[in-house]
file input-v7.cif (mmCIF, C-alpha atoms)
data_data
loop_
_atom_site.group_PDB
_atom_site.id
_atom_site.type_symbol
_atom_site.label_atom_id
_atom_site.label_comp_id
_atom_site.auth_asym_id
_atom_site.auth_seq_id
_atom_site.Cartn_x
_atom_site.Cartn_y
_atom_site.Cartn_z
ATOM 1 C CA MET A 1 168.266 87.749 138.436
ATOM 2 C CA GLU A 2 166.196 86.410 135.516
ATOM 3 C CA LEU A 3 163.739 84.880 137.979
ATOM 4 C CA ASN A 4 163.180 88.210 139.690
ATOM 5 C CA LYS A 5 162.601 89.883 136.291
ATOM 6 C CA PHE A 6 160.018 87.257 135.401
ATOM 7 C CA ALA A 7 158.342 87.618 138.782
ATOM 8 C CA ARG A 8 158.027 91.385 138.333
ATOM 9 C CA LYS A 9 156.368 90.855 134.913
ATOM 10 C CA LEU A 10 153.992 88.312 136.437
ATOM 11 C CA ILE A 11 152.992 90.686 139.268
ATOM 12 C CA LEU A 12 152.499 93.648 136.892
ATOM 13 C CA THR A 13 150.372 91.573 134.517
ATOM 14 C CA SER A 14 148.279 90.163 137.359
ATOM 15 C CA VAL A 15 147.615 93.667 138.676
ATOM 16 C CA ALA A 16 146.626 94.819 135.182
ATOM 17 C CA CYS A 17 144.247 91.879 134.825
ATOM 18 C CA LEU A 18 142.634 92.673 138.187
ATOM 19 C CA ILE A 19 142.190 96.325 137.198
ATOM 20 C CA VAL A 20 140.570 95.315 133.903
ATOM 21 C CA TYR A 21 138.277 92.887 135.681
ATOM 22 C CA TYR A 22 137.035 95.442 138.192
ATOM 23 C CA PHE A 23 137.171 98.522 135.923
ATOM 24 C CA PRO A 24 136.359 97.256 132.364
ATOM 25 C CA SER A 25 135.377 100.720 131.134
ATOM 26 C CA LEU A 26 138.887 102.142 131.474
ATOM 27 C CA ASN A 27 139.986 102.312 127.832
ATOM 28 C CA LYS A 28 143.674 102.839 128.539
ATOM 29 C CA VAL A 29 143.812 99.796 130.813
ATOM 30 C CA ASN A 30 141.954 97.701 128.225
ATOM 31 C CA GLU A 31 144.425 98.837 125.585
ATOM 32 C CA PHE A 32 147.320 97.834 127.850
ATOM 33 C CA TYR A 33 145.775 94.450 128.491
ATOM 34 C CA HIS A 34 145.199 93.665 124.793
ATOM 35 C CA THR A 35 148.541 94.900 123.513
ATOM 36 C CA HIS A 36 151.109 94.288 126.222
ATOM 37 C CA SER A 37 150.171 91.236 128.277
ATOM 38 C CA VAL A 38 152.848 88.528 127.957
ATOM 39 C CA PHE A 39 150.213 85.827 128.515
ATOM 40 C CA LEU A 40 147.771 86.911 125.720
ATOM 41 C CA SER A 41 148.587 84.886 122.610
ATOM 42 C CA SER A 42 145.756 85.891 120.193
ATOM 43 C CA GLU A 43 145.015 89.275 118.597
ATOM 44 C CA PRO A 44 141.669 91.023 119.215
ATOM 45 C CA GLU A 45 138.865 90.277 116.754
ATOM 46 C CA PRO A 46 138.888 92.662 113.746
ATOM 47 C CA SER A 47 135.916 94.955 113.349
ATOM 48 C CA SER A 48 133.209 93.460 111.132
ATOM 49 C CA SER A 49 131.515 96.778 110.395
ATOM 50 C CA LYS A 50 131.459 97.882 106.730
ATOM 51 C CA PRO A 51 133.031 101.193 105.715
ATOM 52 C CA GLU A 52 130.669 104.104 105.333
ATOM 53 C CA PRO A 53 129.500 104.668 101.718
ATOM 54 C CA LYS A 54 131.162 107.575 99.917
ATOM 55 C CA PHE A 55 127.876 108.799 98.442
ATOM 56 C CA ILE A 56 124.184 107.926 98.375
ATOM 57 C CA GLY A 57 123.652 105.069 95.932
ATOM 58 C CA GLU A 58 127.231 103.769 95.926
ATOM 59 C CA GLU A 59 125.844 100.239 96.228
ATOM 60 C CA HIS A 60 124.634 100.508 92.622
ATOM 61 C CA TRP A 61 128.230 100.846 91.351
ATOM 62 C CA THR A 62 130.717 98.016 90.849
ATOM 63 C CA THR A 63 134.363 98.425 91.806
ATOM 64 C CA GLU A 64 135.367 98.128 88.133
ATOM 65 C CA GLU A 65 132.966 100.891 87.088
ATOM 66 C CA GLN A 66 134.292 103.240 89.766
ATOM 67 C CA GLU A 67 137.878 102.525 88.700
ATOM 68 C CA LEU A 68 136.986 103.383 85.096
ATOM 69 C CA CYS A 69 135.401 106.609 86.340
ATOM 70 C CA ASN A 70 138.210 107.726 88.622
ATOM 71 C CA ASP A 71 141.431 106.437 87.062
ATOM 72 C CA PRO A 72 142.147 107.601 83.475
ATOM 73 C CA ASN A 73 144.983 105.064 83.233
ATOM 74 C CA VAL A 74 142.451 102.204 83.295
ATOM 75 C CA ASP A 75 140.924 103.467 80.040
ATOM 76 C CA LYS A 76 142.935 102.092 77.095
ATOM 77 C CA THR A 77 140.449 102.909 74.319
ATOM 78 C CA TRP A 78 142.667 105.667 72.949
ATOM 79 C CA THR A 79 145.383 103.096 72.173
ATOM 80 C CA ARG A 80 143.195 101.265 69.654
ATOM 81 C CA PRO A 81 144.342 101.721 66.039
ATOM 82 C CA ASP A 82 140.806 102.658 64.940
ATOM 83 C CA ALA A 83 140.449 105.463 67.520
ATOM 84 C CA LEU A 84 140.756 108.368 65.079
ATOM 85 C CA CYS A 85 140.214 112.124 64.930
ATOM 86 C CA PHE A 86 138.708 114.047 62.022
ATOM 87 C CA ALA A 87 138.340 117.709 61.057
ATOM 88 C CA ILE A 88 135.349 118.274 58.799
ATOM 89 C CA ARG A 89 134.425 121.674 57.408
ATOM 90 C CA ARG A 90 130.730 122.348 56.978
ATOM 91 C CA GLY A 91 130.338 125.756 55.377
ATOM 92 C CA LEU A 92 132.432 128.132 57.457
ATOM 93 C CA GLU A 93 132.367 125.914 60.569
ATOM 94 C CA LEU A 94 134.921 123.279 61.484
ATOM 95 C CA SER A 95 133.921 120.106 63.301
ATOM 96 C CA LYS A 96 136.606 118.422 65.411
ATOM 97 C CA ILE A 97 135.473 114.837 65.797
ATOM 98 C CA GLU A 98 136.906 111.995 67.886
ATOM 99 C CA ILE A 99 135.614 108.518 67.051
ATOM 100 C CA ILE A 100 135.851 106.564 70.297
ATOM 101 C CA SER A 101 133.863 103.580 69.023
ATOM 102 C CA TRP A 102 132.799 103.018 65.408
ATOM 103 C CA PHE A 103 129.982 100.581 66.312
ATOM 104 C CA ARG A 104 128.454 98.544 69.211
ATOM 105 C CA PRO A 105 127.825 101.278 70.172
ATOM 106 C CA VAL A 106 128.727 104.292 68.064
ATOM 107 C CA LEU A 107 130.421 106.743 70.472
ATOM 108 C CA VAL A 108 131.655 110.090 69.187
ATOM 109 C CA ILE A 109 132.997 113.273 70.831
ATOM 110 C CA TYR A 110 132.692 116.698 69.183
ATOM 111 C CA ARG A 111 135.337 118.989 70.631
ATOM 112 C CA ASP A 112 134.569 122.728 70.980
ATOM 113 C CA MET A 113 131.226 122.388 69.210
ATOM 114 C CA PHE A 114 129.774 125.264 71.229
ATOM 115 C CA THR A 115 131.229 128.633 72.170
ATOM 116 C CA LYS A 116 131.730 129.888 75.707
ATOM 117 C CA GLY A 117 128.943 132.390 75.075
ATOM 118 C CA GLN A 118 126.555 129.547 74.266
ATOM 119 C CA THR A 119 127.431 127.473 77.339
ATOM 120 C CA ASP A 120 127.357 130.531 79.629
ATOM 121 C CA GLY A 121 123.960 131.425 78.192
ATOM 122 C CA TYR A 122 122.636 127.950 78.968
ATOM 123 C CA SER A 123 124.002 128.152 82.528
ATOM 124 C CA ARG A 124 122.071 131.375 83.095
ATOM 125 C CA ILE A 125 118.878 129.844 81.716
ATOM 126 C CA PHE A 126 119.241 126.771 83.921
ATOM 127 C CA GLU A 127 119.748 128.896 87.037
ATOM 128 C CA LYS A 128 116.397 130.599 86.392
ATOM 129 C CA CYS A 129 114.533 127.318 85.940
ATOM 130 C CA LYS A 130 112.788 125.426 88.683
ATOM 131 C CA VAL A 131 114.893 122.308 89.225
ATOM 132 C CA GLU A 132 113.637 119.110 90.784
ATOM 133 C CA MET A 133 115.162 115.835 91.950
ATOM 134 C CA GLU A 134 115.479 113.620 88.879
ATOM 135 C CA GLU A 135 113.383 110.468 88.667
ATOM 136 C CA VAL A 136 113.670 107.116 86.859
ATOM 137 C CA ILE A 137 111.103 105.138 84.840
ATOM 138 C CA ASP A 138 110.656 101.419 85.553
ATOM 139 C CA GLU A 139 109.517 98.727 83.097
ATOM 140 C CA HIS A 140 105.879 99.377 83.986
ATOM 141 C CA GLY A 141 106.131 103.090 83.186
ATOM 142 C CA LYS A 142 106.098 104.105 86.838
ATOM 143 C CA ILE A 143 108.119 107.246 87.558
ATOM 144 C CA GLU A 144 109.858 107.485 90.916
ATOM 145 C CA VAL A 145 112.837 108.963 92.766
ATOM 146 C CA SER A 146 115.613 106.400 93.299
ATOM 147 C CA SER A 147 119.153 106.381 94.677
ATOM 148 C CA VAL A 148 120.354 104.996 91.338
ATOM 149 C CA ARG A 149 120.092 108.614 90.148
ATOM 150 C CA VAL A 150 121.102 111.564 92.312
ATOM 151 C CA ALA A 151 120.779 114.759 90.272
ATOM 152 C CA ASN A 152 118.661 117.872 89.854
ATOM 153 C CA GLY A 153 117.074 118.635 86.508
ATOM 154 C CA SER A 154 114.722 120.809 84.531
ATOM 155 C CA LYS A 155 113.278 120.841 81.021
ATOM 156 C CA THR A 156 114.659 123.727 78.993
ATOM 157 C CA ASP A 157 112.475 123.831 75.897
ATOM 158 C CA ALA A 158 114.169 125.422 72.876
ATOM 159 C CA SER A 159 110.908 127.116 71.872
ATOM 160 C CA MET A 160 110.994 129.134 75.099
ATOM 161 C CA PHE A 161 114.668 130.164 75.201
ATOM 162 C CA PRO A 162 116.722 131.547 72.267
ATOM 163 C CA GLU A 163 119.899 130.451 74.089
ATOM 164 C CA VAL A 164 118.688 126.855 73.999
ATOM 165 C CA GLN A 165 117.541 127.102 70.380
ATOM 166 C CA SER A 166 121.061 128.259 69.505
ATOM 167 C CA LEU A 167 122.480 124.977 70.835
ATOM 168 C CA VAL A 168 120.006 122.911 68.813
ATOM 169 C CA ASP A 169 120.679 124.895 65.632
ATOM 170 C CA THR A 170 124.446 124.434 65.972
ATOM 171 C CA ALA A 171 124.128 120.684 66.503
ATOM 172 C CA ALA A 172 121.758 120.354 63.532
ATOM 173 C CA ARG A 173 124.169 122.208 61.217
ATOM 174 C CA LEU A 174 127.224 120.208 62.236
ATOM 175 C CA ILE A 175 125.514 116.774 62.312
ATOM 176 C CA PRO A 176 123.202 116.892 59.273
ATOM 177 C CA SER A 177 122.682 113.108 59.223
ATOM 178 C CA LEU A 178 120.469 113.434 62.326
ATOM 179 C CA ASN A 179 117.205 115.360 62.600
ATOM 180 C CA PHE A 180 117.296 117.317 65.849
ATOM 181 C CA LYS A 181 113.691 118.440 65.389
ATOM 182 C CA LEU A 182 112.651 114.881 66.207
ATOM 183 C CA SER A 183 113.560 114.821 69.870
ATOM 184 C CA GLU A 184 112.365 115.112 73.410
ATOM 185 C CA PRO A 185 112.731 118.581 74.992
ATOM 186 C CA ILE A 186 116.269 119.406 76.143
ATOM 187 C CA VAL A 187 116.807 118.492 79.790
ATOM 188 C CA GLY A 188 119.377 120.289 81.940
ATOM 189 C CA LEU A 189 120.977 118.091 84.593
ATOM 190 C CA SER A 190 123.007 119.365 87.521
ATOM 191 C CA TYR A 191 125.243 117.065 89.577
ATOM 192 C CA MET A 192 126.692 118.324 92.855
ATOM 193 C CA PRO A 193 129.263 116.397 94.997
ATOM 194 C CA GLY A 194 127.851 112.899 95.482
ATOM 195 C CA GLY A 195 125.631 113.239 92.419
ATOM 196 C CA HIS A 196 125.639 110.363 89.914
ATOM 197 C CA TYR A 197 123.537 108.116 87.683
ATOM 198 C CA SER A 198 124.484 104.449 87.946
ATOM 199 C CA ALA A 199 124.954 102.411 84.760
ATOM 200 C CA HIS A 200 121.768 101.970 82.720
ATOM 201 C CA HIS A 201 120.287 102.048 79.212
ATOM 202 C CA ASP A 202 118.547 105.143 77.820
ATOM 203 C CA TYR A 203 116.480 102.924 75.531
ATOM 204 C CA LEU A 204 113.046 102.599 77.140
ATOM 205 C CA ASP A 205 111.787 99.033 77.459
ATOM 206 C CA PHE A 206 108.269 98.631 78.882
ATOM 207 C CA ASP A 207 106.298 95.516 79.773
ATOM 208 C CA ASP A 208 103.112 97.550 79.956
ATOM 209 C CA GLU A 209 101.396 98.334 76.631
ATOM 210 C CA ALA A 210 99.823 101.538 77.973
ATOM 211 C CA ALA A 211 103.262 102.793 79.029
ATOM 212 C CA LYS A 212 104.580 102.107 75.514
ATOM 213 C CA GLN A 213 101.792 104.177 73.983
ATOM 214 C CA GLU A 214 102.407 107.038 76.428
ATOM 215 C CA HIS A 215 106.190 107.254 76.226
ATOM 216 C CA LEU A 216 107.005 105.886 72.765
ATOM 217 C CA ALA A 217 104.527 107.592 70.465
ATOM 218 C CA ASN A 218 107.433 109.088 68.474
ATOM 219 C CA GLY A 219 109.657 106.043 68.664
ATOM 220 C CA ASN A 220 112.359 105.144 71.137
ATOM 221 C CA ARG A 221 115.500 107.053 72.112
ATOM 222 C CA MET A 222 117.661 106.371 69.077
ATOM 223 C CA VAL A 223 120.540 108.680 70.065
ATOM 224 C CA THR A 224 121.646 110.376 73.273
ATOM 225 C CA PHE A 225 123.328 113.741 72.617
ATOM 226 C CA ILE A 226 124.998 115.471 75.578
ATOM 227 C CA ILE A 227 126.358 119.021 75.742
ATOM 228 C CA ALA A 228 128.988 119.640 78.416
ATOM 229 C CA VAL A 229 128.146 123.011 80.012
ATOM 230 C CA GLU A 230 130.106 122.969 83.289
ATOM 231 C CA LYS A 231 132.773 120.430 84.268
ATOM 232 C CA ALA A 232 133.187 119.010 87.764
ATOM 233 C CA ASP A 233 136.518 119.620 89.497
ATOM 234 C CA VAL A 234 136.870 115.889 90.199
ATOM 235 C CA GLY A 235 134.820 113.062 88.688
ATOM 236 C CA GLY A 236 131.642 113.436 86.673
ATOM 237 C CA GLY A 237 132.584 111.658 83.432
ATOM 238 C CA THR A 238 130.312 109.308 81.490
ATOM 239 C CA VAL A 239 131.396 105.678 81.757
ATOM 240 C CA PHE A 240 130.705 102.887 79.235
ATOM 241 C CA PRO A 241 131.515 99.627 81.068
ATOM 242 C CA GLU A 242 130.887 97.344 78.069
ATOM 243 C CA ILE A 243 133.649 99.018 76.030
ATOM 244 C CA GLN A 244 135.802 99.969 79.041
ATOM 245 C CA THR A 245 135.965 103.697 78.432
ATOM 246 C CA THR A 246 134.963 106.981 80.066
ATOM 247 C CA VAL A 247 134.188 110.241 78.261
ATOM 248 C CA ARG A 248 135.659 113.256 80.041
ATOM 249 C CA ALA A 249 134.262 116.272 78.201
ATOM 250 C CA ASN A 250 135.166 119.949 78.650
ATOM 251 C CA PRO A 251 132.671 122.833 78.533
ATOM 252 C CA GLY A 252 131.676 123.381 74.912
ATOM 253 C CA ASP A 253 132.240 119.741 73.940
ATOM 254 C CA ALA A 254 129.404 117.412 72.977
ATOM 255 C CA TYR A 255 129.215 113.654 72.632
ATOM 256 C CA LEU A 256 126.673 111.157 71.395
ATOM 257 C CA TRP A 257 126.002 107.457 71.137
ATOM 258 C CA PHE A 258 123.346 105.238 69.558
ATOM 259 C CA ASN A 259 121.035 103.415 71.945
ATOM 260 C CA MET A 260 119.534 101.132 69.307
ATOM 261 C CA LEU A 261 120.459 98.877 66.424
ATOM 262 C CA GLU A 262 119.413 99.430 62.813
ATOM 263 C CA ASN A 263 116.243 97.353 63.360
ATOM 264 C CA GLN A 264 115.361 99.673 66.284
ATOM 265 C CA GLU A 265 115.969 97.069 68.987
ATOM 266 C CA MET A 266 118.048 98.042 72.013
ATOM 267 C CA ASP A 267 121.830 97.942 71.689
ATOM 268 C CA ASP A 268 122.988 96.235 74.903
ATOM 269 C CA MET A 269 126.449 97.751 74.458
ATOM 270 C CA SER A 270 125.054 101.265 75.058
ATOM 271 C CA PHE A 271 125.101 100.553 78.816
ATOM 272 C CA HIS A 272 126.481 103.715 80.466
ATOM 273 C CA GLY A 273 126.484 105.748 83.674
ATOM 274 C CA GLY A 274 127.068 109.260 84.962
ATOM 275 C CA CYS A 275 130.199 108.968 87.121
ATOM 276 C CA PRO A 276 129.966 110.274 90.703
ATOM 277 C CA VAL A 277 130.965 113.910 91.120
ATOM 278 C CA LEU A 278 133.627 114.020 93.835
ATOM 279 C CA ALA A 279 134.202 117.794 93.873
ATOM 280 C CA GLY A 280 132.710 120.812 92.124
ATOM 281 C CA LYS A 281 129.619 120.878 89.924
ATOM 282 C CA LYS A 282 128.702 119.207 86.644
ATOM 283 C CA LEU A 283 126.051 120.674 84.347
ATOM 284 C CA ILE A 284 124.984 119.053 81.091
ATOM 285 C CA ALA A 285 122.199 119.557 78.557
ATOM 286 C CA THR A 286 120.780 116.298 77.194
ATOM 287 C CA ILE A 287 118.822 115.700 73.996
ATOM 288 C CA TRP A 288 117.262 112.309 73.263
ATOM 289 C CA LEU A 289 116.670 111.999 69.518
ATOM 290 C CA GLU A 290 113.596 109.912 68.766
ATOM 291 C CA SER A 291 113.596 107.286 66.012
ATOM 292 C CA LYS A 292 110.286 107.983 64.253
ATOM 293 C CA GLY A 293 110.886 109.901 61.021
ATOM 294 C CA GLN A 294 114.707 109.863 61.114
ATOM 295 C CA HIS A 295 116.036 109.728 57.535
ATOM 296 C CA ILE A 296 119.056 107.722 58.648
ATOM 297 C CA PHE A 297 116.887 104.582 58.518
ATOM 298 C CA GLU A 298 116.491 105.053 54.764
ATOM 299 C CA ARG A 299 120.245 104.497 54.293
ATOM 300 C CA VAL A 300 120.783 101.427 56.461
ATOM 301 C CA GLU A 301 119.837 97.796 55.963
ATOM 302 C CA GLY A 302 117.532 97.593 58.961
ATOM 303 C CA THR A 303 118.977 94.315 60.206
ATOM 304 C CA ARG A 304 119.977 93.432 63.755
ATOM 305 C CA GLN A 305 123.327 95.160 63.510
ATOM 306 C CA SER A 306 124.824 98.302 64.942
ATOM 307 C CA PHE A 307 124.827 101.667 63.235
ATOM 308 C CA HIS A 308 128.281 102.757 62.055
ATOM 309 C CA ALA A 309 130.019 106.035 62.869
ATOM 310 C CA GLU A 310 130.564 106.655 59.151
ATOM 311 C CA GLU A 311 126.925 107.782 59.043
ATOM 312 C CA LEU A 312 127.918 110.819 61.142
ATOM 313 C CA LEU A 313 130.761 111.804 58.801
ATOM 314 C CA ARG A 314 128.494 112.345 55.782
#

call {"tool": "encode", "arguments": {"input": "input-v7.cif", "output": "C-alpha cells"}}
result
Amino acid sequence: MELNKFARKLILTSVACLIVYYFPSLNKVNEFYHTHSVFLSSEPEPSSSKPEPKFIGEEHWTTEEQELCNDPNVDKTWTRPDALCFAIRRGLELSKIEIISWFRPVLVIYRDMFTKGQTDGYSRIFEKCKVEMEEVIDEHGKIEVSSVRVANGSKTDASMFPEVQSLVDTAARLIPSLNFKLSEPIVGLSYMPGGHYSAHHDYLDFDDEAAKQEHLANGNRMVTFIIAVEKADVGGGTVFPEIQTTVRANPGDAYLWFNMLENQEMDDMSFHGGCPVLAGKKLIATIWLESKGQHIFERVEGTRQSFHAEELLR
C-alpha cells in the first residue's frame, strides 16, 4: 500500500518535471515545481532587488534620521529636566516659549506667535508669487538643483507686502535681543508629498574667496527663524540629529536656532533637516538673520562657545 502511494508521488513529480522542462513559461507549473516537489530540498533564491525609494532623494537620509522624523516616541528631549516653558509679557503681548536646547545649539519654539489672520495672509501672498524649484549652494558658491532638497520656493520681500512686514514686526517686538532688519529677504518654502531637505548646515562655508565676498557681505547666517504657516498632514517636521529631536510646529508657531558660535564660527551641532512630507502640504516662511551689526555680540565673550538661550529671554 505504502509502495503504491510512493509510486504515485514519483509518477506525478516526474510528469511535473517534464512539463516544466518543455513548457518553462507556465508560471503555475513552475510554482508547483518549486513549492511541492518532494525531491527539491533547497528553497528558491531570494530576490536581490532593492525596494523602491519612497521619495526622490531618500538616499540622502539615514534610517535613524527618518525614525526621528516619523516616530515621536523616539524623541526624548522633552524628558530632560532643563526642557522648560516660559511665559513672558512684552507690553500687551504674551510670548509662550519652549526651550528645547539651551546651547549647542540654542533651539527655541515660540507657540502661537502669529495669528491665523497673519498666517492666512502669508498663504495668499505665497500663492500669488512665482515659485521655483529650490536650489542648493556648494562650497564653491555654485547654485544648482539637487535631490538633497525637493521643495518649491519664492522670495517674499517685506518691503513689497504688508502681510509679510507684519510677520517681521511681530517677531522683532517679541524677540528684542535680535535685529530682524539685518537679514536676508524672507523666503517662502512649500513642500508637497515627497518634499524634503536632507540634513545640512545653514551656515555658509565657501572655499572660494569670490563666493565669500558675494554671499557673505553682511556676515554669515547667525540665526535661522522659521514661521510655520501650513502644517503637513503627515511628516514635515524639522529634525536635529545631533541632539536627537524633531520640532513639530503648528500654524502660527515659530522656532529658531543659532547656526554659529559666539566667535562666529559654525556650530556643528546646528545640523538639521526638513523631514519628508508624507501627506498634505507644508508651508513655512524662513528668515536668516545675518551676523554683521547684531548687538548680541556686544554682550557675549566672543570665544569658541555656544550662545545661550538666556539671551533670548532678555

call {"tool": "atom_distance", "arguments": {"input": "input-v7.cif", "atom1": "atom CA of A:Phe206", "atom2": "atom CA of A:Pro276"}}
result
27.3 Å

call {"tool": "residues_around", "arguments": {"input": "input-v7.cif", "residues": "stretch 58-65 of chain A", "least_positions_apart": "3", "cutoff": "8 Å", "atoms": "all atoms listed in the file", "output": "list in words"}}
result
Pro53, Lys54, Phe55, Leu68, Cys69, Val148, Ser198, Ala199, Val239 and Pro241 of chain A

call {"tool": "closest_atom_pairs", "arguments": {"input": "input-v7.cif", "of": "stretch 142-214 of chain A", "to": "stretch 257-260 of chain A", "cutoff": "10 Å", "atoms": "only C-alpha atoms", "output": "JSON lines"}}
result
{"residue": "A:His201", "atom": "CA", "partner": "A:Asn259", "partner_atom": "CA", "distance": 7.4}
{"residue": "A:Asp202", "atom": "CA", "partner": "A:Asn259", "partner_atom": "CA", "distance": 6.6}
{"residue": "A:Tyr203", "atom": "CA", "partner": "A:Asn259", "partner_atom": "CA", "distance": 5.8}
{"residue": "A:Leu204", "atom": "CA", "partner": "A:Asn259", "partner_atom": "CA", "distance": 9.6}

call {"tool": "atom_distance", "arguments": {"input": "input-v7.cif", "atom1": "atom CA of A:Ile296", "atom2": "atom CA of A:Leu84"}}
result
22.6 Å

call {"tool": "atom_distance", "arguments": {"input": "input-v7.cif", "atom1": "atom CA of A:Glu134", "atom2": "atom CA of A:Thr156"}}
result
14.2 Å

call {"tool": "resolve_selection", "arguments": {"input": "input-v7.cif", "expression": "the PyMOL selection byres ((chain A and resi 282) around 9)", "output": "number ranges by chain"}}
result
A: 189-193, 195, 228-233, 235-236, 277, 280-281, 283-284

call {"tool": "resolve_selection", "arguments": {"input": "input-v7.cif", "expression": "the PyMOL selection byres ((chain A and resi 163) around 7)", "output": "JSON, numbers by chain"}}
result
{"A": [118, 121, 122, 161, 162, 164, 165, 166, 167]}

call {"tool": "resolve_selection", "arguments": {"input": "input-v7.cif", "expression": "the PyMOL selection byres ((chain A and resi 311) around 10)", "output": "PyMOL selection string"}}
result
chain A and resi 102+106+175-178+296+299-300+307-310+312-314

call {"tool": "write_last_selection", "arguments": {"input": "input-v7.cif", "atoms": "C-alpha atoms", "output": "short mmCIF file (atom, residue, chain, number, x, y, z; two decimals), in the coordinates of the input"}}
result
data_model
loop_
_atom_site.label_atom_id
_atom_site.label_comp_id
_atom_site.auth_asym_id
_atom_site.auth_seq_id
_atom_site.Cartn_x
_atom_site.Cartn_y
_atom_site.Cartn_z
CA TRP A 102 132.80 103.02 65.41
CA VAL A 106 128.73 104.29 68.06
CA ILE A 175 125.51 116.77 62.31
CA PRO A 176 123.20 116.89 59.27
CA SER A 177 122.68 113.11 59.22
CA LEU A 178 120.47 113.43 62.33
CA ILE A 296 119.06 107.72 58.65
CA ARG A 299 120.24 104.50 54.29
CA VAL A 300 120.78 101.43 56.46
CA PHE A 307 124.83 101.67 63.24
CA HIS A 308 128.28 102.76 62.06
CA ALA A 309 130.02 106.04 62.87
CA GLU A 310 130.56 106.66 59.15
CA LEU A 312 127.92 110.82 61.14
CA LEU A 313 130.76 111.80 58.80
CA ARG A 314 128.49 112.34 55.78
#

call {"tool": "closest_residue", "arguments": {"input": "input-v7.cif", "among": "A:Glu132, A:Glu242, A:Glu67, A:Asp75", "to": "A:Val187", "atoms": "all atoms listed in the file"}}
result
A:Glu132
